[in-house]
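*Asks:* Take a look at entry_21.tsv, TSV, C-alpha atoms and all ligand atoms:
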chain	number	residue	atom	x	y	z
L	1	MET	CA	87.91	171.88	-9.44
L	2	GLN	CA	86.58	168.55	-8.19
L	3	SER	CA	89.83	166.79	-8.94
L	4	ARG	CA	91.85	169.57	-7.29
L	5	LEU	CA	89.72	169.24	-4.15
L	6	ASN	CA	90.06	165.45	-4.25
L	7	LYS	CA	93.80	165.83	-4.42
L	8	ILE	CA	93.77	168.23	-1.50
L	9	ARG	CA	91.68	165.78	0.53
L	10	GLU	CA	93.94	162.80	-0.30
L	11	GLU	CA	97.07	164.75	0.61
L	12	ALA	CA	95.43	165.92	3.84
L	13	LYS	CA	94.45	162.36	4.69
L	14	ALA	CA	98.02	161.12	4.19
L	15	GLN	CA	99.44	163.95	6.27
L	16	ILE	CA	96.95	163.43	9.08
L	17	GLU	CA	97.58	159.70	9.13
L	18	SER	CA	101.32	160.12	9.47
L	19	ALA	CA	101.01	162.72	12.23
L	20	ARG	CA	101.87	161.47	15.73
L	21	THR	CA	101.43	164.21	18.30
L	22	GLN	CA	98.72	166.75	19.09
L	23	THR	CA	101.09	169.55	18.09
L	24	GLU	CA	101.74	167.99	14.68
L	25	ILE	CA	97.98	167.70	14.10
L	26	GLU	CA	97.44	171.30	15.09
L	27	GLU	CA	100.13	172.38	12.63
L	28	ILE	CA	98.36	170.50	9.81
L	29	ARG	CA	95.06	172.15	10.75
L	30	VAL	CA	96.55	175.63	10.50
L	31	ARG	CA	98.26	174.78	7.21
L	32	LEU	CA	95.11	173.40	5.56
L	33	LEU	CA	92.22	175.27	7.17
L	34	GLY	CA	93.85	178.42	8.53
L	35	LYS	CA	93.58	181.91	7.01
L	36	LYS	CA	96.39	181.20	4.58
L	37	GLY	CA	95.31	177.59	4.02
L	38	VAL	CA	94.54	176.27	0.52
L	39	LEU	CA	90.84	175.84	1.14
L	40	THR	CA	90.42	179.38	2.43
L	41	GLN	CA	92.21	180.64	-0.66
L	42	ILE	CA	89.82	178.71	-2.94
L	43	LEU	CA	86.81	180.12	-1.12
L	44	ARG	CA	88.27	183.63	-1.35
L	45	GLY	CA	88.84	183.28	-5.08
L	46	MET	CA	85.18	182.43	-5.72
L	47	GLY	CA	84.27	186.10	-6.38
L	48	GLN	CA	85.42	185.74	-9.97
L	49	LEU	CA	83.16	182.76	-10.65
L	50	SER	CA	79.63	182.71	-12.11
L	51	PRO	CA	76.81	182.26	-9.56
L	52	GLU	CA	76.28	178.56	-10.51
L	53	GLU	CA	79.96	177.76	-10.39
L	54	ARG	CA	80.23	179.63	-7.11
L	55	LYS	CA	77.47	177.56	-5.55
L	56	GLU	CA	78.93	174.28	-6.74
L	57	THR	CA	82.50	175.11	-5.77
L	58	GLY	CA	81.38	176.42	-2.42
L	59	GLN	CA	79.49	173.25	-1.61
L	60	MET	CA	82.35	171.00	-2.73
L	61	THR	CA	84.94	173.01	-0.86
L	62	ASN	CA	82.88	173.08	2.34
L	63	LYS	CA	82.34	169.32	2.06
L	64	VAL	CA	86.09	168.68	1.77
L	65	ARG	CA	86.68	171.15	4.57
L	66	SER	CA	84.32	169.33	6.92
L	67	GLU	CA	85.82	165.95	5.93
L	68	ILE	CA	89.29	167.22	6.78
L	69	GLU	CA	87.97	168.70	10.03
L	70	ASN	CA	86.52	165.31	10.99
L	71	MET	CA	89.73	163.49	10.20
L	72	LEU	CA	91.70	166.03	12.22
L	73	GLY	CA	89.28	165.77	15.12
L	74	GLU	CA	89.46	161.99	15.26
L	75	LYS	CA	93.19	161.92	14.94
L	76	PHE	CA	93.53	164.64	17.60
L	77	GLU	CA	91.45	162.61	20.08
L	78	ALA	CA	93.48	159.46	19.30
L	79	ALA	CA	96.76	161.32	19.88
L	80	LYS	CA	95.40	162.72	23.14
L	81	ARG	CA	94.48	159.24	24.35
L	82	ALA	CA	97.89	157.85	23.35
L	83	ALA	CA	99.66	160.67	25.21
L	84	LYS	CA	97.62	159.99	28.35
L	85	GLU	CA	98.37	156.28	28.20
L	86	ALA	CA	102.07	156.94	27.81
L	87	GLN	CA	101.92	159.24	30.85
L	88	PHE	CA	100.12	156.57	32.88
L	89	LYS	CA	102.77	154.06	31.93
L	90	ILE	CA	105.51	156.31	33.28
L	91	GLU	CA	103.60	157.13	36.45
L	92	LYS	CA	102.41	153.62	37.14
L	93	VAL	CA	102.54	152.62	40.82
L	94	ASP	CA	102.69	148.95	41.66
L	95	VAL	CA	100.91	148.82	45.00
L	96	THR	CA	101.80	145.15	45.43
L	97	GLU	CA	105.55	145.86	45.30
L	98	PRO	CA	107.18	145.15	48.69
L	99	GLY	CA	108.27	148.28	50.61
L	100	LYS	CA	111.89	149.27	51.04
L	101	GLY	CA	113.31	147.64	54.16
L	102	ARG	CA	114.69	150.10	56.71
L	103	SER	CA	117.51	148.68	58.75
L	104	LEU	CA	117.06	149.59	62.40
L	105	GLY	CA	120.09	150.64	64.40
L	106	VAL	CA	121.07	148.66	67.49
L	107	LYS	CA	122.56	149.68	70.80
L	108	HIS	CA	126.31	149.32	71.09
L	109	PRO	CA	127.38	146.51	73.47
L	110	LEU	CA	129.21	149.08	75.61
L	111	THR	CA	126.03	151.19	75.85
L	112	ILE	CA	124.04	148.09	76.81
L	113	THR	CA	126.61	147.23	79.50
L	114	MET	CA	126.69	150.79	80.89
L	115	GLU	CA	122.91	150.97	80.99
L	116	GLU	CA	122.71	147.62	82.75
L	117	ILE	CA	125.27	148.60	85.39
L	118	SER	CA	123.68	152.04	85.85
L	119	LYS	CA	120.27	150.46	86.32
L	120	VAL	CA	121.51	148.25	89.15
L	121	PHE	CA	122.95	151.25	90.99
L	122	MET	CA	119.94	153.46	90.30
L	123	ASN	CA	117.72	150.78	91.85
L	124	MET	CA	119.93	151.07	94.95
L	125	GLY	CA	119.27	154.82	95.12
L	126	PHE	CA	122.29	156.21	93.26
L	127	SER	CA	121.86	159.15	90.90
L	128	ILE	CA	123.90	159.77	87.78
L	129	VAL	CA	126.28	162.71	87.43
L	130	GLU	CA	128.58	163.59	84.57
L	131	GLY	CA	131.93	165.27	84.19
L	132	PRO	CA	133.91	166.58	81.22
L	133	GLU	CA	136.38	164.50	79.25
L	134	VAL	CA	138.77	167.45	79.15
L	135	GLU	CA	139.82	167.94	82.77
L	136	THR	CA	142.21	169.95	84.87
L	137	VAL	CA	145.37	168.29	86.14
L	138	PHE	CA	144.18	169.40	89.58
L	139	ASN	CA	140.90	167.43	89.43
L	140	ASN	CA	142.43	164.40	87.72
L	141	PHE	CA	145.48	164.09	90.00
L	142	ASP	CA	146.20	166.66	92.75
L	143	ALA	CA	142.75	166.74	94.33
L	144	LEU	CA	142.72	162.94	94.22
L	145	ASN	CA	145.76	162.81	96.46
L	146	ALA	CA	148.06	161.76	93.59
L	147	GLY	CA	151.17	163.77	94.41
L	148	PRO	CA	153.45	165.27	91.76
L	149	ASN	CA	155.63	162.16	91.73
L	150	HIS	CA	152.82	159.66	91.23
L	151	PRO	CA	153.68	157.28	88.32
L	152	ALA	CA	150.29	157.92	86.60
L	153	ARG	CA	151.36	161.55	86.04
L	154	ASP	CA	154.15	160.45	83.72
L	155	MET	CA	153.79	161.89	80.20
L	156	THR	CA	153.61	158.38	78.71
L	157	ASP	CA	150.28	157.60	80.39
L	158	THR	CA	148.45	160.89	80.01
L	159	PHE	CA	147.34	162.96	77.02
L	160	TYR	CA	148.19	166.50	78.12
L	161	ILE	CA	146.52	169.42	76.34
L	162	THR	CA	148.44	172.09	78.25
L	163	GLU	CA	150.50	171.90	81.42
L	164	ASP	CA	147.30	172.22	83.50
L	165	VAL	CA	144.73	170.55	81.24
L	166	LEU	CA	144.46	166.95	80.09
L	167	LEU	CA	142.12	164.26	78.77
L	168	ARG	CA	140.94	162.60	81.99
L	169	THR	CA	142.67	159.26	82.60
L	170	GLN	CA	139.85	158.06	84.88
L	171	THR	CA	136.32	159.05	85.92
L	172	SER	CA	137.56	159.72	89.47
L	173	PRO	CA	137.78	163.54	88.93
L	174	VAL	CA	133.98	163.51	88.95
L	175	GLN	CA	134.35	162.65	92.68
L	176	VAL	CA	136.17	165.96	93.13
L	177	ARG	CA	133.59	167.93	91.12
L	178	THR	CA	130.74	166.33	93.09
L	179	LEU	CA	132.38	167.03	96.47
L	180	MET	CA	132.93	170.68	95.53
L	181	LYS	CA	129.33	171.12	94.43
L	182	GLN	CA	127.21	168.94	96.67
L	183	LYS	CA	126.85	168.43	100.42
L	184	PRO	CA	126.37	164.94	101.94
L	185	PRO	CA	124.49	162.70	101.75
L	186	ILE	CA	126.13	161.96	98.38
L	187	LYS	CA	125.28	158.80	96.46
L	188	VAL	CA	126.26	159.03	92.80
L	189	ILE	CA	127.67	157.09	89.89
L	190	SER	CA	129.32	158.62	86.85
L	191	PRO	CA	129.78	156.73	83.59
L	192	GLY	CA	132.04	158.17	80.91
L	193	ARG	CA	135.01	158.08	78.57
L	194	CYS	CA	138.61	158.04	79.73
L	195	PHE	CA	141.87	158.36	77.81
L	196	ARG	CA	145.34	156.99	78.26
L	197	CYS	CA	148.38	157.04	76.01
L	198	ASP	CA	148.32	153.28	75.38
L	199	THR	CA	149.16	151.47	72.17
L	200	PRO	CA	146.06	149.53	71.12
L	201	ASP	CA	146.21	145.76	71.53
L	202	ALA	CA	143.72	143.03	72.51
L	203	THR	CA	143.28	144.47	76.03
L	204	HIS	CA	144.31	148.15	75.67
L	205	SER	CA	142.71	151.11	73.96
L	206	PRO	CA	143.66	154.80	74.24
L	207	MET	CA	139.95	155.53	74.80
L	208	PHE	CA	137.82	153.42	77.12
L	209	HIS	CA	134.93	153.73	79.57
L	210	GLN	CA	134.63	153.68	83.33
L	211	ILE	CA	131.84	153.96	85.84
L	212	GLU	CA	132.77	155.82	89.00
L	213	GLY	CA	130.86	155.53	92.26
L	214	LEU	CA	130.89	157.79	95.32
L	215	VAL	CA	128.97	157.58	98.58
L	216	VAL	CA	129.61	160.10	101.38
L	217	ASP	CA	127.62	160.56	104.56
L	218	GLU	CA	127.89	160.34	108.32
L	219	GLY	CA	128.81	156.87	109.54
L	220	ILE	CA	129.65	155.22	106.20
L	221	THR	CA	131.90	152.21	106.81
L	222	MET	CA	133.74	149.52	104.91
L	223	ALA	CA	130.72	147.26	105.62
L	224	ASP	CA	128.57	149.58	103.47
L	225	LEU	CA	131.16	149.36	100.69
L	226	LYS	CA	131.23	145.55	100.85
L	227	GLY	CA	127.45	145.20	101.08
L	228	THR	CA	126.79	147.57	98.16
L	229	LEU	CA	129.34	146.02	95.82
L	230	ASP	CA	128.42	142.44	96.75
L	231	SER	CA	124.77	143.20	96.02
L	232	PHE	CA	125.76	144.87	92.73
L	233	ALA	CA	127.81	141.81	91.65
L	234	LYS	CA	124.91	139.44	92.44
L	235	GLN	CA	122.47	141.59	90.45
L	236	LEU	CA	124.79	141.89	87.45
L	237	PHE	CA	126.28	138.39	87.27
L	238	GLY	CA	123.63	136.26	89.03
L	239	PRO	CA	122.54	135.50	92.63
L	240	GLU	CA	125.13	132.71	93.05
L	241	THR	CA	128.00	135.16	92.58
L	242	LYS	CA	130.50	135.50	95.45
L	243	THR	CA	132.80	138.48	95.95
L	244	LYS	CA	136.32	138.72	97.35
L	245	PHE	CA	138.00	141.94	98.52
L	246	ARG	CA	141.78	141.97	98.08
L	247	PRO	CA	143.94	144.73	99.62
L	248	HIS	CA	145.30	147.14	97.03
L	249	HIS	CA	146.54	150.70	96.71
L	250	PHE	CA	144.95	153.79	95.19
L	251	PRO	CA	146.05	157.28	96.18
L	252	PHE	CA	142.47	158.51	96.70
L	253	THR	CA	141.26	155.70	99.00
L	254	GLU	CA	142.49	154.31	102.31
L	255	PRO	CA	142.12	151.42	102.80
L	256	SER	CA	141.86	150.35	99.16
L	257	ALA	CA	140.78	147.07	97.65
L	258	GLU	CA	140.25	145.26	94.39
L	259	VAL	CA	137.08	143.22	94.04
L	260	ASP	CA	137.00	139.78	92.43
L	261	VAL	CA	133.78	137.97	91.57
L	262	SER	CA	133.47	134.20	91.40
L	263	CYS	CA	133.63	133.21	87.73
L	264	PHE	CA	130.14	133.43	86.24
L	265	LYS	CA	131.17	131.01	83.49
L	266	CYS	CA	132.40	128.05	85.55
L	267	GLY	CA	131.01	129.05	88.96
L	268	GLY	CA	134.49	129.05	90.50
L	269	LYS	CA	135.87	125.69	89.33
L	270	GLY	CA	138.35	127.28	86.94
L	271	CYS	CA	138.01	127.79	83.18
L	272	ARG	CA	139.36	129.80	80.24
L	273	VAL	CA	137.43	132.96	81.21
L	274	CYS	CA	138.88	133.11	84.76
L	275	LYS	CA	142.22	131.68	83.58
L	276	GLY	CA	141.78	128.68	85.87
L	277	SER	CA	141.60	130.67	89.11
L	278	GLY	CA	137.83	130.66	89.60
L	279	TRP	CA	137.89	134.45	90.25
L	280	ILE	CA	137.65	137.49	88.00
L	281	GLU	CA	138.79	140.99	88.98
L	282	ILE	CA	136.12	143.58	88.15
L	283	LEU	CA	136.77	146.83	90.01
L	284	GLY	CA	138.83	148.99	92.33
L	285	CYS	CA	137.41	150.58	95.48
L	286	GLY	CA	138.10	151.86	98.96
L	287	MET	CA	137.21	154.29	101.71
L	288	VAL	CA	137.56	157.85	100.45
L	289	HIS	CA	140.90	159.31	101.63
L	290	PRO	CA	140.46	162.21	104.12
L	291	ASN	CA	142.57	164.41	101.81
L	292	VAL	CA	139.93	163.99	99.10
L	293	LEU	CA	137.04	164.75	101.48
L	294	LYS	CA	138.90	167.91	102.54
L	295	VAL	CA	138.79	169.18	98.92
L	296	GLY	CA	135.03	169.41	99.39
L	297	GLY	CA	135.58	171.24	102.70
L	298	LEU	CA	134.09	168.37	104.69
L	299	ASP	CA	134.72	167.67	108.38
L	300	THR	CA	136.56	164.34	108.11
L	301	GLU	CA	135.75	163.48	111.72
L	302	LYS	CA	132.06	163.63	110.89
L	303	TYR	CA	131.89	162.37	107.32
L	304	THR	CA	133.26	159.24	105.72
L	305	GLY	CA	132.63	157.64	102.36
L	306	PHE	CA	133.49	154.94	99.90
L	307	ALA	CA	134.29	155.04	96.21
L	308	PHE	CA	134.72	152.58	93.41
L	309	GLY	CA	135.74	152.52	89.77
L	310	LEU	CA	134.83	149.91	87.22
L	311	GLY	CA	136.09	149.30	83.68
L	312	VAL	CA	133.10	148.98	81.32
L	313	GLU	CA	135.02	147.29	78.48
L	314	ARG	CA	136.34	144.65	80.86
L	315	VAL	CA	132.85	143.80	82.14
L	316	ALA	CA	131.44	143.72	78.58
L	317	MET	CA	134.29	141.48	77.37
L	318	LEU	CA	133.71	139.06	80.24
L	319	LYS	CA	129.94	139.04	79.93
L	320	TYR	CA	129.85	138.59	76.18
L	321	GLY	CA	133.03	136.55	75.71
L	322	VAL	CA	134.70	139.20	73.54
L	323	ASP	CA	138.45	138.54	73.36
L	324	ASP	CA	139.68	141.72	71.68
L	325	ILE	CA	138.81	145.22	72.99
L	326	ARG	CA	139.39	146.72	69.50
L	327	LEU	CA	136.23	145.02	68.22
L	328	PHE	CA	134.20	147.56	70.24
L	329	TYR	CA	135.56	150.50	68.24
L	330	GLU	CA	135.61	149.15	64.68
L	331	ASN	CA	131.85	149.66	64.28
L	332	ASP	CA	131.49	146.57	62.13
L	333	MET	CA	127.72	146.01	62.06
L	334	ARG	CA	128.23	142.23	61.91
L	335	PHE	CA	129.82	142.48	65.37
L	336	ILE	CA	127.52	145.10	66.88
L	337	GLU	CA	124.30	143.46	65.68
L	338	GLN	CA	125.02	140.33	67.72
L	339	PHE	CA	124.16	142.13	70.97
L	340	LYS	CA	120.53	142.98	70.15
T	1	LIG	N1	140.37	155.43	89.05
T	1	LIG	C1	140.88	154.09	89.21
T	1	LIG	C2	141.54	153.64	87.93
T	1	LIG	O1	141.32	154.23	86.91
T	1	LIG	C3	139.75	153.14	89.55
T	1	LIG	C4	139.26	153.37	90.95
T	1	LIG	C5	139.79	152.64	92.00
T	1	LIG	C6	138.27	154.29	91.22
T	1	LIG	C7	139.36	152.83	93.29
T	1	LIG	C8	137.83	154.49	92.50
T	1	LIG	C9	138.39	153.74	93.54
T	1	LIG	O2	136.89	155.34	92.82
T	1	LIG	O3	137.94	153.95	94.82
T	1	LIG	O4	142.27	152.70	87.95
Give the structure from this file in structure tokens form.

*Replies:*
Amino acid sequence: MQSRLNKIREEAKAQIESARTQTEIEEIRVRLLGKKGVLTQILRGMGQLSPEERKETGQMTNKVRSEIENMLGEKFEAAKRAAKEAQFKIEKVDVTEPGKGRSLGVKHPLTITMEEISKVFMNMGFSIVEGPEVETVFNNFDALNAGPNHPARDMTDTFYITEDVLLRTQTSPVQVRTLMKQKPPIKVISPGRCFRCDTPDATHSPMFHQIEGLVVDEGITMADLKGTLDSFAKQLFGPETKTKFRPHHFPFTEPSAEVDVSCFKCGGKGCRVCKGSGWIEILGCGMVHPNVLKVGGLDTEKYTGFAFGLGVERVAMLKYGVDDIRLFYENDMRFIEQFK
């Protein structure tokens, strides 16, 4: 019996030593010490033995049993520790590791330019109004005194959606919307997108931005127009800036003018930016045509006004020395990030 128990113990020891996980150890425990385990069977079979033999066998068996229990217990604890350590290894957090860098977005150069221009006008008491990019032919042309034979109405310049609806070719229809909604005094600017059927090249894009201006009140004169735009140019391009008003034609203003500013690069001597002339054209303007004021139902004997329209891309290109308008729309971060 002793040798049988020794054998059982040695086999148990080998099995326990080779076990790796808590589950494996539990399986061994059930196999050896459970109800159907070998040791239980020996103890059960003791009824047939003599009292002395029973005592001796019982003691020996219980000793082996408690030895195996100890081995199992130790091994179980060791496996538990190993499992925990493995778990810690997986879940390890290195608090000294540098954090993930988040790249911050930047404002688009056109947004920066529009905000800068808007700020100058807001400081002069203008408020901002907006109009839709999809406009009626009436607001974009007819109400702006551009008769049916005006060259801008040609299909090649305008994206028509239906016969009466188009993508606005200018921000000027916001003048019409404002006049129909608001009574004088009116003093507004309106930045926004415009669309023209142009093939993209270095200076043309089928989508571009304008800022429209409209001032209507009693007694507004050309002197107000000149004073406002001259002050604007000095605030945007620097206090040394001079302005020049050249006669021009727009259907919705009379008289009309184009405004040149003295070159902010060379100060007027002549350089690459101003193409040697010393002057740079920046906007169109004029006194609001009575036919436009009439759209708002205004008494044109009492009220007068001035308007202006400015190309945002053109100003941004001049200010930042960008020589191709298409760069604004490619959204290459290497370009956009330079304007931080
Ligand atoms: N709408 C004109 C254009 O797109 C620009 C313009 C000129 C607007 C004169 C005006 C203005 O308000 O008075 O070319």

*Asks:* Interatomic distance between atom CA of L:Leu32 and atom CA of L:Glu77?

*Replies:*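 The value is 18.5 Å.
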
*Asks:* Within 9 Å of (125.8, 150.3, 86.1) in the file's own coordinates, which protein, DNA or RNA residues have an atom, counting only C-alpha atoms? List them as an MDAnalysis selection string.

*Replies:* chainID L and resid 113:122 189 191 211 232 236 312

*Asks:* Dump C-alpha atoms for the selected residues as a short mmCIF file (atom, residue, chain, number, x, y, z; two decimals), keeping the file's coordinate frame?

*Replies:*
data_model
loop_
_atom_site.label_atom_id
_atom_site.label_comp_id
_atom_site.auth_asym_id
_atom_site.auth_seq_id
_atom_site.Cartn_x
_atom_site.Cartn_y
_atom_site.Cartn_z
CA THR L 113 126.61 147.23 79.50
CA MET L 114 126.69 150.79 80.89
CA GLU L 115 122.91 150.97 80.99
CA GLU L 116 122.71 147.62 82.75
CA ILE L 117 125.27 148.60 85.39
CA SER L 118 123.68 152.04 85.85
CA LYS L 119 120.27 150.46 86.32
CA VAL L 120 121.51 148.25 89.15
CA PHE L 121 122.95 151.25 90.99
CA MET L 122 119.94 153.46 90.30
CA ILE L 189 127.67 157.09 89.89
CA PRO L 191 129.78 156.73 83.59
CA ILE L 211 131.84 153.96 85.84
CA PHE L 232 125.76 144.87 92.73
CA LEU L 236 124.79 141.89 87.45
CA VAL L 312 133.10 148.98 81.32
#

*Asks:* May I ask which of the residues L:Ala79, L:Met60, L:Leu327, L:Ala257 is the closest one to L:Pro200, counting all atoms listed in the file?

*Replies:*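 When distances to L:Pro200 are compared using all atoms listed in the file, the smallest one comes from L:Leu327.
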
*Asks:* Kindly provide, as a VMD selection string, all nucleotide and amino acid residues lying within 9 Å of ligand LIG 1 (chain T), counting only C-alpha atoms and all ligand atoms.

*Replies:* chain L and resid 169 to 173 175 194 210 to 214 249 to 254 256 to 258 283 to 288 306 to 311

*Asks:* Could you check how far atom CA of L:Glu11 sits from atom CA of L:Ala83, in Å to one decimal?

*Replies:*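 Interatomic distance here is 25.1 Å.
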
*Asks:* Counting all atoms listed in the file, which residues come within 8 Å of (135.9, 147.2, 77.8), with the point read in the file's coordinates, and could you list them as a list of chain:residue names?

*Replies:*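 Within the cut-off we find L:Leu110, L:Phe208, L:His209, L:Gly311, L:Val312, L:Glu313, L:Arg314, L:Val315, L:Ala316, L:Met317, L:Ile325, L:Phe328.
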
*Asks:* If you keep C-alpha atoms, can you produce a file of those selected residues as a PDB file, keeping the file's coordinate frame?

*Replies:*
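The new file result.pdb reads:
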ATOM      1  CA  LEU L 110     129.210 149.080  75.610  1.00  0.00           C
ATOM      2  CA  PHE L 208     137.820 153.420  77.120  1.00  0.00           C
ATOM      3  CA  HIS L 209     134.930 153.730  79.570  1.00  0.00           C
ATOM      4  CA  GLY L 311     136.090 149.300  83.680  1.00  0.00           C
ATOM      5  CA  VAL L 312     133.100 148.980  81.320  1.00  0.00           C
ATOM      6  CA  GLU L 313     135.020 147.290  78.480  1.00  0.00           C
ATOM      7  CA  ARG L 314     136.340 144.650  80.860  1.00  0.00           C
ATOM      8  CA  VAL L 315     132.850 143.800  82.140  1.00  0.00           C
ATOM      9  CA  ALA L 316     131.440 143.720  78.580  1.00  0.00           C
ATOM     10  CA  MET L 317     134.290 141.480  77.370  1.00  0.00           C
ATOM     11  CA  ILE L 325     138.810 145.220  72.990  1.00  0.00           C
ATOM     12  CA  PHE L 328     134.200 147.560  70.240  1.00  0.00           C
TER      13      PHE L 328
END

*Asks:* Pick out the residues sitting within 8 Å of stretch 64-76 of chain L, and hand them over as a list in words; count only C-alpha atoms, and ignore anything fewer than 5 positions along from it in its own chain.

*Replies:* Leu5, Asn6, Arg9, Ala12, Lys13, Ile16, Glu17, Thr21, Gln22, Ile25, Arg29, Leu33 and Leu39 of chain L

*Asks:* Mind pulling up the distance from atom CA of L:Val106 to atom CA of L:Val322?

*Replies:*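 Separating atom CA of L:Val322 from atom CA of L:Val106 is a distance of 17.7 Å.
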
*Asks:* Fix up stretch 163-174 of chain L with N, CA and C atoms, then write it as a PDB file, keeping the file's coordinate frame.

*Replies:*
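Below you can see out_15.pdb, which holds the result:
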ATOM      1  N   GLU L 163     149.875 172.340  80.186  1.00  0.00           N
ATOM      2  CA  GLU L 163     150.500 171.900  81.420  1.00  0.00           C
ATOM      3  C   GLU L 163     149.453 171.601  82.503  1.00  0.00           C
ATOM      4  N   ASP L 164     148.321 172.337  82.438  1.00  0.00           N
ATOM      5  CA  ASP L 164     147.300 172.220  83.500  1.00  0.00           C
ATOM      6  C   ASP L 164     146.033 171.504  83.059  1.00  0.00           C
ATOM      7  N   VAL L 165     145.956 171.148  81.768  1.00  0.00           N
ATOM      8  CA  VAL L 165     144.730 170.550  81.240  1.00  0.00           C
ATOM      9  C   VAL L 165     145.059 169.254  80.517  1.00  0.00           C
ATOM     10  N   LEU L 166     144.187 168.253  80.699  1.00  0.00           N
ATOM     11  CA  LEU L 166     144.460 166.950  80.090  1.00  0.00           C
ATOM     12  C   LEU L 166     143.152 166.259  79.688  1.00  0.00           C
ATOM     13  N   LEU L 167     143.278 165.126  78.981  1.00  0.00           N
ATOM     14  CA  LEU L 167     142.120 164.260  78.770  1.00  0.00           C
ATOM     15  C   LEU L 167     142.084 163.357  79.995  1.00  0.00           C
ATOM     16  N   ARG L 168     140.967 163.337  80.720  1.00  0.00           N
ATOM     17  CA  ARG L 168     140.940 162.600  81.990  1.00  0.00           C
ATOM     18  C   ARG L 168     141.363 161.142  81.790  1.00  0.00           C
ATOM     19  N   THR L 169     142.170 160.634  82.703  1.00  0.00           N
ATOM     20  CA  THR L 169     142.670 159.260  82.600  1.00  0.00           C
ATOM     21  C   THR L 169     141.751 158.294  83.337  1.00  0.00           C
ATOM     22  N   GLN L 170     140.771 158.871  84.057  1.00  0.00           N
ATOM     23  CA  GLN L 170     139.850 158.060  84.880  1.00  0.00           C
ATOM     24  C   GLN L 170     138.594 158.898  85.132  1.00  0.00           C
ATOM     25  N   THR L 171     137.521 158.259  85.596  1.00  0.00           N
ATOM     26  CA  THR L 171     136.320 159.050  85.920  1.00  0.00           C
ATOM     27  C   THR L 171     136.388 159.608  87.340  1.00  0.00           C
ATOM     28  N   SER L 172     137.440 159.268  88.082  1.00  0.00           N
ATOM     29  CA  SER L 172     137.560 159.720  89.470  1.00  0.00           C
ATOM     30  C   SER L 172     137.487 161.248  89.670  1.00  0.00           C
ATOM     31  N   PRO L 173     137.953 162.092  88.711  1.00  0.00           N
ATOM     32  CA  PRO L 173     137.780 163.540  88.930  1.00  0.00           C
ATOM     33  C   PRO L 173     136.332 163.965  89.127  1.00  0.00           C
ATOM     34  N   VAL L 174     135.393 163.167  88.705  1.00  0.00           N
ATOM     35  CA  VAL L 174     133.980 163.510  88.950  1.00  0.00           C
ATOM     36  C   VAL L 174     133.689 163.470  90.463  1.00  0.00           C
TER      37      VAL L 174
END
